[in-house]
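Notes follow the structure.
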Amino acid sequence: MKNPHDAFNAGRDVYIDYPYESVMFRWEHLTQRVYKKFYGQVESANPVPHDNRLYNDAILCGDEIDAAAYLQGKEEE
């Protein structure tokens with residue numbers, strides 16, 4: 001998929017896969033909150049700060065995915 005950097009201006013939720021660190025992120029457009037989900041685990045209950053290093057690395061180097069791929073998740077290899 002494409003780099004997620006420009007997707008934040010589209011007025012929708014953004015889902016990011018960052019396989020280098022085995023983590024996915026979900027940016028919720030309405031609340032502007034970020035949630036993370038490591039491979040093989042459930043989504044974090046608490047939002048991730050916008051200045052989180054791992055989240056910002058994912059924006060720069062991760063891949064935008066769709067909601068179905070995020071909800072399905074991935075298993076740790």
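Every chain in the structure tokens has a letter given in the order shown (A, B, ...), and although residue numbers restart at 1 in each chain, ligands are simply numbered from 1 in the order shown.
Residues in contact with Tyr15 of chain A at up to 7 Å, not including ones fewer than 2 positions away on its chain and judged by only C-alpha atoms, are A:Asp13, A:Asp17, A:Phe25, A:Arg26, A:Trp27, A:Glu64, A:Ile65, A:Asp66, A:Ala67, A:Tyr70.
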Can you pull out every residue within 9 Å of Val34 of chain A, counting only C-alpha atoms, but drop anything in the same chain fewer than 6 positions away, and send it as a PyMOL selection string? chain A and resi 25-28+46-50+55
For a quick check of understanding, using only C-alpha atoms, which of A:Glu75, A:Ser22, A:Gln32, A:Gln41 has the smallest distance to Gly62 of chain A? A:Ser22
Which residue, A:Tyr20, A:Asn56, A:Gly11, A:Cys61, has the smallest gap to Glu76 of chain A when you use only C-alpha atoms? A:Tyr20
Would you list, as an MDAnalysis selection string, the residues of chain A that end up in strand (DSSP E) under DSSP run on this structure's backbone? chainID A and resid 14:18 23:28 33:38 63:65
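The gap separating atom CA of Gly40 of chain A from atom CA of Lys74 of chain A is 5.9 Å, in Å to one decimal.
Computed from the coordinates, the atom CA of Asp51 of chain A to atom CA of Lys36 of chain A distance equals 13.4 Å.
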As number ranges by chain, which residues of chain A does DSSP assign to helix (DSSP H, G or I)? A: 5-9, 19-21, 53-61, 67-72
Pull C-alpha atoms from the residues just selected and write them as a compact mmCIF listing (two decimals), in the first residue's frame.
# COMPACT_ATOMS: atom_id res chain seq x y z
CA HIS A 5 1.74 10.52 5.58
CA ASP A 6 -0.76 12.33 3.29
CA ALA A 7 -3.81 10.33 4.40
CA PHE A 8 -4.30 12.42 7.54
CA ASN A 9 -5.77 15.27 5.47
CA PRO A 19 6.21 -4.46 10.04
CA TYR A 20 9.76 -3.46 11.07
CA GLU A 21 8.52 -3.22 14.68
CA ARG A 53 8.61 7.75 18.53
CA LEU A 54 7.27 4.42 17.29
CA TYR A 55 4.10 6.06 15.95
CA ASN A 56 6.06 8.75 14.13
CA ASP A 57 8.42 6.15 12.65
CA ALA A 58 5.35 4.28 11.38
CA ILE A 59 4.01 7.44 9.72
CA LEU A 60 7.31 7.96 7.92
CA CYS A 61 8.19 4.37 7.01
CA ALA A 67 -9.67 -1.14 8.35
CA ALA A 68 -10.25 -4.84 7.61
CA ALA A 69 -6.51 -5.58 7.64
CA TYR A 70 -6.12 -3.71 10.92
CA LEU A 71 -9.04 -5.51 12.56
CA GLN A 72 -7.76 -8.89 11.36
Taken to one decimal, the atom CA of Ser44 of chain A-atom CA of Glu77 of chain A distance is 20.1 Å
When you count only C-alpha atoms, which of these residues is closest to Ala10 of chain A: A:Gly73, A:His29, A:Tyr39, A:Val23? A:His29
